[in-house]
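Just target_22.cif here, mmCIF, C-alpha atoms and all ligand atoms:
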```
data_query
#
loop_
_atom_site.label_atom_id
_atom_site.label_comp_id
_atom_site.auth_asym_id
_atom_site.auth_seq_id
_atom_site.Cartn_x
_atom_site.Cartn_y
_atom_site.Cartn_z
CA MET A 1 -66.77 42.75 -44.37
CA THR A 2 -68.03 45.69 -46.37
CA THR A 3 -67.93 45.01 -50.09
CA LEU A 4 -67.10 47.63 -52.66
CA ALA A 5 -70.75 47.64 -53.74
CA ASP A 6 -71.96 48.24 -50.16
CA PHE A 7 -69.44 51.06 -49.76
CA HIS A 8 -70.44 52.59 -53.09
CA VAL A 9 -74.16 52.59 -52.21
CA LYS A 10 -73.53 54.00 -48.74
CA VAL A 11 -71.44 56.96 -49.95
CA TRP A 12 -73.56 57.54 -53.07
CA ARG A 13 -76.79 57.76 -51.04
CA HIS A 14 -75.17 60.00 -48.46
CA THR A 15 -73.95 62.32 -51.22
CA TYR A 16 -77.01 62.45 -53.46
CA GLN A 17 -79.90 61.93 -51.04
CA ASP A 18 -81.06 65.51 -51.43
CA PHE A 19 -81.00 65.73 -55.21
CA ALA A 20 -81.04 62.31 -56.88
CA PRO A 21 -84.46 61.31 -58.22
CA ALA A 22 -86.25 58.81 -55.98
CA GLU A 23 -86.06 56.14 -58.68
CA ALA A 24 -82.26 56.36 -58.85
CA TYR A 25 -82.06 56.20 -55.09
CA THR A 26 -84.03 52.95 -55.11
CA VAL A 27 -82.64 51.29 -58.24
CA LEU A 28 -78.96 51.98 -57.58
CA ASN A 29 -78.83 49.53 -54.69
CA GLU A 30 -76.22 46.99 -53.51
CA GLN A 31 -77.38 44.38 -56.01
CA TYR A 32 -77.16 46.79 -58.96
CA ARG A 33 -73.73 48.04 -57.92
CA GLY A 34 -72.56 44.49 -57.18
CA LYS A 35 -73.26 43.47 -60.79
CA GLN A 36 -71.61 46.64 -62.09
CA TRP A 37 -68.43 46.08 -60.05
CA LYS A 38 -68.28 42.39 -60.88
CA LYS A 39 -68.39 43.24 -64.59
CA LYS A 40 -65.75 45.94 -64.20
CA LEU A 41 -63.38 43.91 -62.06
CA SER A 42 -63.58 40.83 -64.26
CA ALA A 43 -63.11 42.77 -67.51
CA ASN A 44 -59.38 41.91 -67.73
CA ASP A 45 -58.67 45.39 -69.07
CA SER A 46 -55.22 46.55 -67.97
CA SER A 47 -56.00 50.17 -68.88
CA GLN A 48 -58.44 50.26 -65.96
CA VAL A 49 -57.50 50.42 -62.30
CA VAL A 50 -59.65 50.31 -59.18
CA LEU A 51 -58.17 51.45 -55.87
CA ILE A 52 -59.51 50.95 -52.39
CA ALA A 53 -58.28 52.87 -49.36
CA GLU A 54 -58.47 51.02 -46.05
CA ILE A 55 -57.87 51.96 -42.43
CA ASP A 56 -57.70 49.05 -39.98
CA SER A 57 -59.25 46.77 -42.65
CA ARG A 58 -62.20 49.15 -43.06
CA THR A 59 -62.92 50.51 -46.53
CA VAL A 60 -62.74 54.29 -46.28
CA GLY A 61 -62.27 55.27 -49.92
CA SER A 62 -62.42 54.09 -53.51
CA GLY A 63 -61.56 55.32 -56.96
CA ALA A 64 -61.12 54.10 -60.50
CA ALA A 65 -59.31 55.34 -63.60
CA GLY A 66 -58.97 54.32 -67.22
CA GLY A 67 -59.66 55.34 -70.76
CA PRO A 68 -62.25 58.06 -71.46
CA SER A 69 -65.88 56.92 -71.70
CA GLU A 70 -67.15 60.15 -73.32
CA SER A 71 -65.82 62.33 -76.14
CA ILE A 72 -66.07 65.40 -73.90
CA PHE A 73 -63.06 64.11 -71.96
CA ASP A 74 -61.08 64.89 -75.11
CA GLY A 75 -58.80 61.87 -74.95
CA ARG A 76 -57.76 62.43 -71.35
CA GLY A 77 -57.70 59.56 -68.89
CA GLU A 78 -60.92 59.41 -66.88
CA ILE A 79 -61.30 59.30 -63.11
CA LYS A 80 -64.45 57.61 -61.79
CA PHE A 81 -66.05 56.48 -58.54
CA LEU A 82 -63.96 58.67 -56.27
CA TYR A 83 -65.66 58.17 -52.91
CA VAL A 84 -64.55 58.76 -49.35
CA ASP A 85 -66.48 57.53 -46.32
CA PRO A 86 -68.37 60.48 -44.78
CA ASP A 87 -66.71 59.74 -41.41
CA PHE A 88 -63.25 60.05 -42.98
CA LYS A 89 -63.57 63.20 -45.07
CA ARG A 90 -61.04 66.03 -44.96
CA ARG A 91 -58.16 63.76 -43.95
CA GLY A 92 -56.45 63.83 -47.33
CA ILE A 93 -57.79 60.44 -48.50
CA GLY A 94 -59.48 61.88 -51.61
CA ARG A 95 -56.36 63.78 -52.58
CA GLU A 96 -54.18 60.71 -52.10
CA LEU A 97 -56.51 58.42 -54.04
CA LEU A 98 -56.57 60.93 -56.89
CA ALA A 99 -52.76 61.07 -56.88
CA HIS A 100 -52.51 57.28 -57.17
CA LEU A 101 -55.12 57.21 -59.94
CA ALA A 102 -53.10 59.88 -61.74
CA ILE A 103 -49.98 57.71 -61.44
CA HIS A 104 -51.87 54.94 -63.19
CA LEU A 105 -53.03 57.29 -65.96
CA ARG A 106 -49.48 58.54 -66.48
CA ARG A 107 -48.30 54.92 -66.70
CA MET A 108 -50.99 54.39 -69.36
CA ARG A 109 -49.45 57.39 -71.19
CA TYR A 110 -52.35 59.79 -70.74
CA GLN A 111 -51.13 63.38 -70.65
CA GLY A 112 -54.23 64.72 -68.96
CA ALA A 113 -56.98 63.60 -66.63
CA ALA A 114 -60.67 64.47 -66.51
CA LEU A 115 -63.82 63.55 -64.64
CA SER A 116 -67.44 64.53 -64.34
CA VAL A 117 -69.26 65.71 -61.26
CA VAL A 118 -73.02 66.08 -60.85
CA LYS A 119 -74.12 69.71 -60.84
CA GLY A 120 -75.00 70.66 -57.28
CA ASN A 121 -72.40 68.40 -55.64
CA GLU A 122 -70.74 71.48 -54.20
CA ALA A 123 -68.37 69.66 -51.81
CA ALA A 124 -66.85 67.63 -54.64
CA ILE A 125 -66.68 70.72 -56.87
CA ALA A 126 -64.79 72.58 -54.11
CA PHE A 127 -62.44 69.60 -53.80
CA TYR A 128 -61.65 69.55 -57.54
CA GLU A 129 -61.20 73.32 -57.58
CA ALA A 130 -58.81 73.07 -54.61
CA LEU A 131 -56.81 70.58 -56.66
CA ASN A 132 -56.67 73.03 -59.57
CA GLY A 133 -59.13 71.21 -61.79
CA ARG A 134 -60.32 73.37 -64.69
CA PRO A 135 -64.01 73.38 -65.75
CA ALA A 136 -64.03 71.93 -69.27
CA GLY A 137 -67.65 71.71 -70.33
CA GLU A 138 -70.89 70.09 -69.35
CA TYR A 139 -72.78 67.02 -70.44
CA ILE A 140 -75.78 64.91 -69.53
CA ASP A 141 -75.01 61.44 -68.21
CA PRO A 142 -76.46 58.92 -70.67
CA GLY A 143 -78.13 57.08 -67.80
CA PRO A 144 -80.05 54.79 -67.97
CA VAL A 145 -81.14 55.41 -64.39
CA TRP A 146 -80.33 59.08 -63.79
CA ARG A 147 -79.67 61.43 -66.69
CA SER A 148 -77.87 63.86 -64.43
CA GLN A 149 -76.38 67.19 -65.48
CA ASN A 150 -72.60 67.05 -65.09
CA ILE A 151 -69.69 69.45 -65.05
CA VAL A 152 -66.40 68.20 -66.47
CA PHE A 153 -63.16 69.01 -64.65
CA ALA A 154 -59.85 68.59 -66.46
CA TRP A 155 -56.15 68.63 -65.69
CA ASP A 156 -54.03 69.08 -68.80
CA ASP A 157 -50.94 67.74 -67.06
CA VAL A 158 -51.72 64.56 -65.15
CA ALA A 159 -48.45 64.97 -63.24
CA SER A 160 -49.89 68.02 -61.46
CA LEU A 161 -52.09 65.65 -59.45
CA ILE A 162 -49.12 63.62 -58.26
CA SER A 163 -47.54 65.13 -55.19
C1 LIG A 201 -65.09 64.85 -52.74
C2 LIG A 201 -64.32 63.87 -51.86
C3 LIG A 201 -63.82 62.71 -52.72
C4 LIG A 201 -63.12 64.59 -51.22
O1 LIG A 201 -62.39 63.66 -50.45
P1 LIG A 201 -61.69 64.08 -49.05
O2 LIG A 201 -60.84 62.95 -48.63
O3 LIG A 201 -62.74 64.54 -48.12
O4 LIG A 201 -60.82 65.34 -49.50
P2 LIG A 201 -59.36 65.75 -48.99
O5 LIG A 201 -59.29 65.63 -47.51
O6 LIG A 201 -58.34 65.02 -49.77
O7 LIG A 201 -59.39 67.32 -49.40
C5 LIG A 201 -58.35 67.95 -50.13
C6 LIG A 201 -58.71 69.43 -50.23
O8 LIG A 201 -59.89 69.60 -51.04
C7 LIG A 201 -60.68 70.69 -50.50
N1 LIG A 201 -61.96 70.16 -50.04
C8 LIG A 201 -62.30 68.88 -49.80
N2 LIG A 201 -63.58 68.78 -49.41
C9 LIG A 201 -64.06 70.04 -49.37
C10 LIG A 201 -65.32 70.59 -49.01
N3 LIG A 201 -66.36 69.82 -48.61
N4 LIG A 201 -65.48 71.93 -49.09
C11 LIG A 201 -64.46 72.73 -49.49
N5 LIG A 201 -63.23 72.26 -49.86
C12 LIG A 201 -63.05 70.92 -49.77
C13 LIG A 201 -59.88 71.26 -49.36
O9 LIG A 201 -59.03 72.29 -49.89
C14 LIG A 201 -59.06 70.07 -48.92
O10 LIG A 201 -57.88 70.43 -48.24
P3 LIG A 201 -57.96 70.80 -46.65
O11 LIG A 201 -58.80 69.78 -45.99
O12 LIG A 201 -56.51 70.76 -46.25
O13 LIG A 201 -58.57 72.16 -46.59
C15 LIG A 201 -65.23 63.35 -50.70
O14 LIG A 201 -65.76 64.45 -50.02
C16 LIG A 201 -66.35 62.45 -51.14
O15 LIG A 201 -66.18 61.24 -51.25
N6 LIG A 201 -67.54 63.01 -51.33
C17 LIG A 201 -68.72 62.19 -51.59
C18 LIG A 201 -68.66 61.45 -52.92
C19 LIG A 201 -68.40 62.37 -54.07
O16 LIG A 201 -69.06 63.39 -54.24
N7 LIG A 201 -67.40 61.98 -54.89
C20 LIG A 201 -67.06 62.72 -56.08
C21 LIG A 201 -67.91 62.28 -57.20
S1 LIG A 201 -67.48 63.16 -58.69
#
```

Could you show the structure in this file as structure tokens?
Amino acid sequence: MTTLADFHVKVWRHTYQDFAPAEAYTVLNEQYRGKQWKKKLSANDSSQVVLIAEIDSRTVGSGAAGGPSESIFDGRGEIKFLYVDPDFKRRGIGRELLAHLAIHLRRMRYQGAALSVVKGNEAAIAFYEALNGRPAGEYIDPGPVWRSQNIVFAWDDVASLIS
């Protein structure tokens, strides 16, 4: 069975292979992600949600949402780790995951939603633009492994993501 960490590494490497620094590519492996997910999933923090999309028991998508981790999100709920298996793209899974994450944020009483996307990840940028995300600034990921340049996308009304 594919674990969330395995899925994360697979999609992350597929997405960033052409522009992540070699060190990040090596360090952000299944073991690293496994620890990260274990910590997140055992945090007992009801403001956070992690969703997994499955088809025939196969993990084909993931996403998380919760309180904002950076001030640039301006108090909006934050979407993280939105990943769809490369073999299952353009089937509406990303859109549906985002809608369910938005439902969670609305339940947590966030009016808006925001997320960051690495500069150069044009497919994801096109996806957020198609869903009417508004560019709302830039920031550098604090790392520690990859201090990537990021664009922030925001939705002032979280309900607009819920179809
Ligand atoms: C970005 C991502 C989550 C989109 O998920 P998806 O399931 O493929 O997207 P959907 O099928 O829900 O697409 C919804 C709409 O977004 C737009 N869109 C999605 N991918 C696009 C692309 N590569 N180029 C242009 N527009 C795109 C389209 O308008 C699409 O509607 P359509 O297929 O009817 O034309 C997915 O491609 C992914 O996991 N990428 C790799 C990981 C990643 O970059 N995650 C984001 C990190 S911030």

Computed interatomic separation between CA of Gln111 in chain A and atom O11 of ligand LIG 201 (chain A) (Å): 26.6 Å

9 Å shell around ligand LIG 201 (chain A) using all atoms listed in the file, listed as a ChimeraX atom specification: /A:11-12,14-16,61-63,79-86,88-98,115-118,121-131

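Across the structure, CA of Glu30 in chain A and CA of Gly77 in chain A are spaced 27.2 Å apart.
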
Ala154 in chain A surroundings by all atoms listed in the file, 6 Å radius, close-in-sequence under 3 positions cut, as a PyMOL selection string: chain A and resi 113-114+133-134

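With only C-alpha atoms as the atoms that count, the residue of A:Arg106, A:His100, A:Arg58, A:Arg33 with the shortest distance to Arg76 in chain A is A:Arg106.
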
Would you pick out the contacts of Lys35 in chain A at 12 Å or less, using all atoms listed in the file, so that residues sharing its chain but fewer than 6 positions from it are not included, and give the list as a PDB file with C-alpha atoms, in the frame of the given file?
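The resulting file, around_22.pdb, is shown below:
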```pdb
ATOM      1  CA  LEU A   4     -67.100  47.630 -52.660  1.00  0.00           C
ATOM      2  CA  ALA A   5     -70.750  47.640 -53.740  1.00  0.00           C
ATOM      3  CA  ASP A   6     -71.960  48.240 -50.160  1.00  0.00           C
ATOM      4  CA  LEU A  28     -78.960  51.980 -57.580  1.00  0.00           C
ATOM      5  CA  ASN A  29     -78.830  49.530 -54.690  1.00  0.00           C
ATOM      6  CA  LEU A  41     -63.380  43.910 -62.060  1.00  0.00           C
ATOM      7  CA  SER A  42     -63.580  40.830 -64.260  1.00  0.00           C
TER       8      SER A  42
END
```

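With CA of Pro21 in chain A on one side and CA of Gly120 in chain A on the other, the separation reads 13.3 Å.
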
Write out as a ChimeraX atom specification each polymer residue whose atoms come within 12 Å of Pro142 in chain A, counting all atoms listed in the file; drop sequence neighbours fewer than 6 positions from it. /A:69-70,148-150

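In terms of minimum interatomic distance to Val9 in chain A, A:Thr26 ranks closest within A:Thr26, A:Ser71, A:Ser163, A:Gln48, counting all atoms listed in the file.
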
In terms of all atoms listed in the file, the residue from A:Ile72, A:Val60, A:Leu101, A:Leu51 at minimal distance from Glu138 in chain A is A:Ile72

If we count all atoms listed in the file and set the cut-off at 12 Å, which residues sit around Arg109 in chain A, ignoring sequence neighbours fewer than 2 positions away in its own chain? Please answer as an MDAnalysis selection string. chainID A and resid 47 66:67 75:77 102:107 111:113 157:159

Output for the residues just chosen: C-alpha atoms as an mmCIF file, in the frame of the given file:
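Output (result26.cif):
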```cif
data_model
loop_
_atom_site.group_PDB
_atom_site.id
_atom_site.type_symbol
_atom_site.label_atom_id
_atom_site.label_comp_id
_atom_site.auth_asym_id
_atom_site.auth_seq_id
_atom_site.Cartn_x
_atom_site.Cartn_y
_atom_site.Cartn_z
ATOM 1 C CA SER A 47 -56.000 50.170 -68.880
ATOM 2 C CA GLY A 66 -58.970 54.320 -67.220
ATOM 3 C CA GLY A 67 -59.660 55.340 -70.760
ATOM 4 C CA GLY A 75 -58.800 61.870 -74.950
ATOM 5 C CA ARG A 76 -57.760 62.430 -71.350
ATOM 6 C CA GLY A 77 -57.700 59.560 -68.890
ATOM 7 C CA ALA A 102 -53.100 59.880 -61.740
ATOM 8 C CA ILE A 103 -49.980 57.710 -61.440
ATOM 9 C CA HIS A 104 -51.870 54.940 -63.190
ATOM 10 C CA LEU A 105 -53.030 57.290 -65.960
ATOM 11 C CA ARG A 106 -49.480 58.540 -66.480
ATOM 12 C CA ARG A 107 -48.300 54.920 -66.700
ATOM 13 C CA GLN A 111 -51.130 63.380 -70.650
ATOM 14 C CA GLY A 112 -54.230 64.720 -68.960
ATOM 15 C CA ALA A 113 -56.980 63.600 -66.630
ATOM 16 C CA ASP A 157 -50.940 67.740 -67.060
ATOM 17 C CA VAL A 158 -51.720 64.560 -65.150
ATOM 18 C CA ALA A 159 -48.450 64.970 -63.240
#
```

From the structure block, carefully write range 20-67 of chain A out with C-alpha atoms; format it as a JSON list (two decimals), in the first residue's frame.
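Below is the file that was written, result-v5.json:
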```json
[["chain", "number", "residue", "atom", "x", "y", "z"],
["A", 20, "ALA", "CA", 14.39, 21.99, -7.24],
["A", 21, "PRO", "CA", 18.00, 22.11, -6.05],
["A", 22, "ALA", "CA", 19.67, 18.69, -6.04],
["A", 23, "GLU", "CA", 19.98, 18.77, -2.25],
["A", 24, "ALA", "CA", 16.22, 19.20, -1.79],
["A", 25, "TYR", "CA", 15.58, 16.41, -4.24],
["A", 26, "THR", "CA", 17.74, 14.08, -2.16],
["A", 27, "VAL", "CA", 16.85, 15.22, 1.36],
["A", 28, "LEU", "CA", 13.08, 15.38, 0.89],
["A", 29, "ASN", "CA", 12.76, 11.61, 0.68],
["A", 30, "GLU", "CA", 10.19, 9.11, 2.02],
["A", 31, "GLN", "CA", 11.82, 9.02, 5.44],
["A", 32, "TYR", "CA", 11.81, 12.83, 5.78],
["A", 33, "ARG", "CA", 8.20, 13.10, 4.63],
["A", 34, "GLY", "CA", 7.18, 10.15, 6.80],
["A", 35, "LYS", "CA", 8.38, 11.99, 9.92],
["A", 36, "GLN", "CA", 6.70, 15.19, 8.77],
["A", 37, "TRP", "CA", 3.34, 13.48, 8.18],
["A", 38, "LYS", "CA", 3.53, 11.51, 11.41],
["A", 39, "LYS", "CA", 4.03, 14.75, 13.34],
["A", 40, "LYS", "CA", 1.19, 16.47, 11.49],
["A", 41, "LEU", "CA", -1.28, 13.61, 11.78],
["A", 42, "SER", "CA", -0.61, 13.04, 15.47],
["A", 43, "ALA", "CA", -0.81, 16.74, 16.38],
["A", 44, "ASN", "CA", -4.43, 16.46, 17.63],
["A", 45, "ASP", "CA", -5.19, 19.87, 16.16],
["A", 46, "SER", "CA", -8.82, 20.04, 15.03],
["A", 47, "SER", "CA", -8.17, 23.18, 12.97],
["A", 48, "GLN", "CA", -6.12, 21.04, 10.57],
["A", 49, "VAL", "CA", -7.50, 18.58, 8.06],
["A", 50, "VAL", "CA", -5.74, 16.17, 5.72],
["A", 51, "LEU", "CA", -7.68, 14.66, 2.82],
["A", 52, "ILE", "CA", -6.74, 11.77, 0.61],
["A", 53, "ALA", "CA", -8.46, 10.98, -2.68],
["A", 54, "GLU", "CA", -8.55, 7.32, -3.66],
["A", 55, "ILE", "CA", -9.65, 5.41, -6.74],
["A", 56, "ASP", "CA", -9.92, 1.63, -6.33],
["A", 57, "SER", "CA", -7.91, 1.89, -3.07],
["A", 58, "ARG", "CA", -5.10, 3.72, -4.88],
["A", 59, "THR", "CA", -4.05, 7.12, -3.55],
["A", 60, "VAL", "CA", -4.51, 9.59, -6.40],
["A", 61, "GLY", "CA", -4.59, 12.89, -4.54],
["A", 62, "SER", "CA", -3.93, 14.63, -1.24],
["A", 63, "GLY", "CA", -4.44, 18.00, 0.36],
["A", 64, "ALA", "CA", -4.37, 19.70, 3.73],
["A", 65, "ALA", "CA", -5.86, 22.86, 5.20],
["A", 66, "GLY", "CA", -5.70, 24.75, 8.47],
["A", 67, "GLY", "CA", -4.65, 27.97, 10.08]]
```
